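Okay, upload-v5.cif now, which holds mmCIF, C-alpha atoms:
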data_coords
loop_
_atom_site.group_PDB
_atom_site.id
_atom_site.type_symbol
_atom_site.label_atom_id
_atom_site.label_comp_id
_atom_site.auth_asym_id
_atom_site.auth_seq_id
_atom_site.Cartn_x
_atom_site.Cartn_y
_atom_site.Cartn_z
ATOM 1 C CA MET O 1 173.290 81.268 79.998
ATOM 2 C CA LYS O 2 171.268 80.886 83.199
ATOM 3 C CA SER O 3 173.513 83.296 85.035
ATOM 4 C CA LYS O 4 172.973 85.978 82.369
ATOM 5 C CA ILE O 5 169.186 85.592 82.623
ATOM 6 C CA ILE O 6 169.270 85.793 86.422
ATOM 7 C CA GLU O 7 171.584 88.805 86.277
ATOM 8 C CA PHE O 8 169.227 90.548 83.831
ATOM 9 C CA GLN O 9 166.230 89.852 86.100
ATOM 10 C CA VAL O 10 168.018 91.280 89.152
ATOM 11 C CA LYS O 11 169.057 94.435 87.282
ATOM 12 C CA ALA O 12 165.532 94.914 85.905
ATOM 13 C CA ARG O 13 163.999 94.463 89.358
ATOM 14 C CA HIS O 14 166.330 97.056 90.914
ATOM 15 C CA LYS O 15 165.698 99.505 88.087
ATOM 16 C CA ILE O 16 161.916 99.168 88.495
ATOM 17 C CA GLU O 17 162.158 99.582 92.273
ATOM 18 C CA ARG O 18 164.246 102.772 91.946
ATOM 19 C CA ARG O 19 161.795 104.295 89.461
ATOM 20 C CA LEU O 20 158.797 103.478 91.674
ATOM 21 C CA LYS O 21 160.492 104.974 94.728
ATOM 22 C CA ARG O 22 161.320 108.116 92.778
ATOM 23 C CA LEU O 23 157.720 108.454 91.484
ATOM 24 C CA CYS O 24 155.906 107.631 94.692
ATOM 25 C CA GLY O 25 158.293 108.581 97.421
ATOM 26 C CA LYS O 26 157.497 107.889 101.028
ATOM 27 C CA PRO O 27 154.383 109.761 102.135
ATOM 28 C CA SER O 28 154.348 111.458 105.493
ATOM 29 C CA PRO O 29 152.196 109.937 108.270
ATOM 30 C CA ALA O 30 149.621 112.720 107.847
ATOM 31 C CA LYS O 31 149.291 111.996 104.105
ATOM 32 C CA ARG O 32 148.936 108.265 104.777
ATOM 33 C CA LEU O 33 146.220 108.946 107.377
ATOM 34 C CA MET O 34 144.344 111.209 104.954
ATOM 35 C CA ALA O 35 144.546 108.600 102.177
ATOM 36 C CA VAL O 36 143.269 105.820 104.446
ATOM 37 C CA LEU O 37 140.420 107.998 105.746
ATOM 38 C CA PHE O 38 139.449 109.071 102.223
ATOM 39 C CA ILE O 39 139.368 105.482 100.962
ATOM 40 C CA GLY O 40 137.457 104.330 104.049
ATOM 41 C CA VAL O 41 134.827 107.063 103.760
ATOM 42 C CA THR O 42 134.419 106.440 100.024
ATOM 43 C CA LEU O 43 133.921 102.709 100.478
ATOM 44 C CA ALA O 44 131.529 103.243 103.414
ATOM 45 C CA ALA O 45 129.426 105.651 101.326
ATOM 46 C CA ALA O 46 129.289 103.158 98.461
ATOM 47 C CA ASN O 47 128.268 100.413 100.904
ATOM 48 C CA VAL O 48 125.427 102.508 102.361
ATOM 49 C CA TYR O 49 124.247 103.468 98.867
ATOM 50 C CA PHE O 50 124.068 99.847 97.690
ATOM 51 C CA LEU O 51 122.357 98.761 100.910
ATOM 52 C CA VAL O 52 119.660 101.433 100.695
ATOM 53 C CA SER O 53 119.067 100.941 96.960
ATOM 54 C CA SER O 54 118.763 97.167 97.450
ATOM 55 C CA ILE O 55 116.219 97.553 100.242
ATOM 56 C CA TYR O 56 114.275 100.066 98.165
ATOM 57 C CA SER O 57 114.206 97.790 95.117
ATOM 58 C CA ILE O 58 113.028 94.837 97.216
ATOM 59 C CA GLY O 59 110.101 96.882 98.503
ATOM 60 C CA LYS O 60 109.344 98.211 95.041
ATOM 61 C CA ASN O 61 109.331 94.736 93.465
ATOM 62 C CA ASP O 62 107.077 93.324 96.190
ATOM 63 C CA ALA O 63 104.515 96.087 95.679
ATOM 64 C CA GLU O 64 104.346 95.408 91.931
ATOM 65 C CA LYS O 65 103.694 91.677 92.231
ATOM 66 C CA GLU O 66 100.280 90.269 92.919
ATOM 67 C CA LEU O 67 99.777 88.281 96.052
ATOM 68 C CA ILE O 68 100.308 84.585 95.626
ATOM 69 C CA LYS O 69 97.031 82.711 95.583
ATOM 70 C CA VAL O 70 97.122 79.612 97.728
ATOM 71 C CA GLN O 71 94.893 76.726 96.825
ATOM 72 C CA HIS O 72 94.147 73.581 98.757
ATOM 73 C CA ILE O 73 95.693 70.370 97.584
ATOM 74 C CA GLU O 74 93.182 68.237 95.784
ATOM 75 C CA THR O 75 93.008 64.566 96.605
ATOM 76 C CA LEU O 76 93.869 62.149 93.876
ATOM 77 C CA GLU O 77 91.123 59.667 93.170
ATOM 78 C CA LEU O 78 92.458 56.197 92.459
ATOM 79 C CA ARG O 79 90.500 53.431 90.914
ATOM 80 C CA ARG O 80 90.398 50.545 93.339
ATOM 81 C CA ASP O 81 90.043 47.772 90.772
ATOM 82 C CA THR O 82 93.318 48.602 88.968
ATOM 83 C CA ILE O 83 95.237 48.750 92.225
ATOM 84 C CA LYS O 84 93.966 45.334 93.244
ATOM 85 C CA ASN O 85 94.883 43.877 89.856
ATOM 86 C CA VAL O 86 98.406 45.274 90.058
ATOM 87 C CA GLU O 87 98.814 43.998 93.619
ATOM 88 C CA LEU O 88 97.635 40.544 92.560
ATOM 89 C CA LYS O 89 100.071 40.470 89.647
ATOM 90 C CA ILE O 90 102.944 41.419 91.930
ATOM 91 C CA LYS O 91 101.919 38.828 94.516
ATOM 92 C CA ASN O 92 101.597 36.160 91.822
ATOM 93 C CA GLN O 93 105.078 37.013 90.503
ATOM 94 C CA ASP O 94 106.550 36.861 94.014
ATOM 95 C CA ASP O 95 104.813 33.518 94.705
ATOM 96 C CA GLY O 96 106.080 32.105 91.410
ATOM 97 C CA GLN O 97 109.662 33.073 92.210
ATOM 98 C CA GLN O 98 109.475 31.596 95.689
ATOM 99 C CA SER O 99 107.988 28.317 94.472
ATOM 100 C CA ASN O 100 110.653 28.009 91.772
ATOM 101 C CA ASP O 101 113.409 28.721 94.294
ATOM 102 C CA GLY O 102 111.996 26.163 96.719
ATOM 103 C CA ARG O 103 111.827 23.401 94.110
ATOM 104 C CA GLU O 104 115.424 23.718 92.945
#

Structure encoded using structure tokens:
Amino acid sequence: MKSKIIEFQVKARHKIERRLKRLCGKPSPAKRLMAVLFIGVTLAAANVYFLVSSIYSIGKNDAEKELIKVQHIETLELRRDTIKNVELKIKNQDDGQQSNDGRE
């Protein structure tokens, strides 16, 4: 069964190759050169178009936007009494843990 499948694949591949060769044929060196030049020029033109349109749209978008307003950073006012209370609580907790560890 495997041999029949492989044989069918080989025949199909050869048939497809013959049809493609008949349709396309081998182009002459001059035709190949013209095709490569045409494709190259087309892609280069598309590249230049996208480059110029991108640069233009960047400039157009920048002109439409307002300038960013920069403000100074405001200092945060902390209440001193709450900070001291929190620090004392933390110190008391640390002291309590150390004294318990030392006793055991």

One number please: atom CA of Val36 of chain O to atom CA of Leu23 of chain O, in Å, one decimal.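 Distance reported for this atom pair: 19.6 Å.
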
Enter the distance from atom CA of Ala35 of chain O to atom CA of Val48 of chain O, in Å, rounded to one decimal.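 Calculated distance between atom CA of Ala35 of chain O and atom CA of Val48 of chain O is 20.1 Å.
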
Tell me, in Å to one decimal, how far atom CA of Ala30 of chain O is from atom CA of Tyr49 of chain O. 28.5 Å
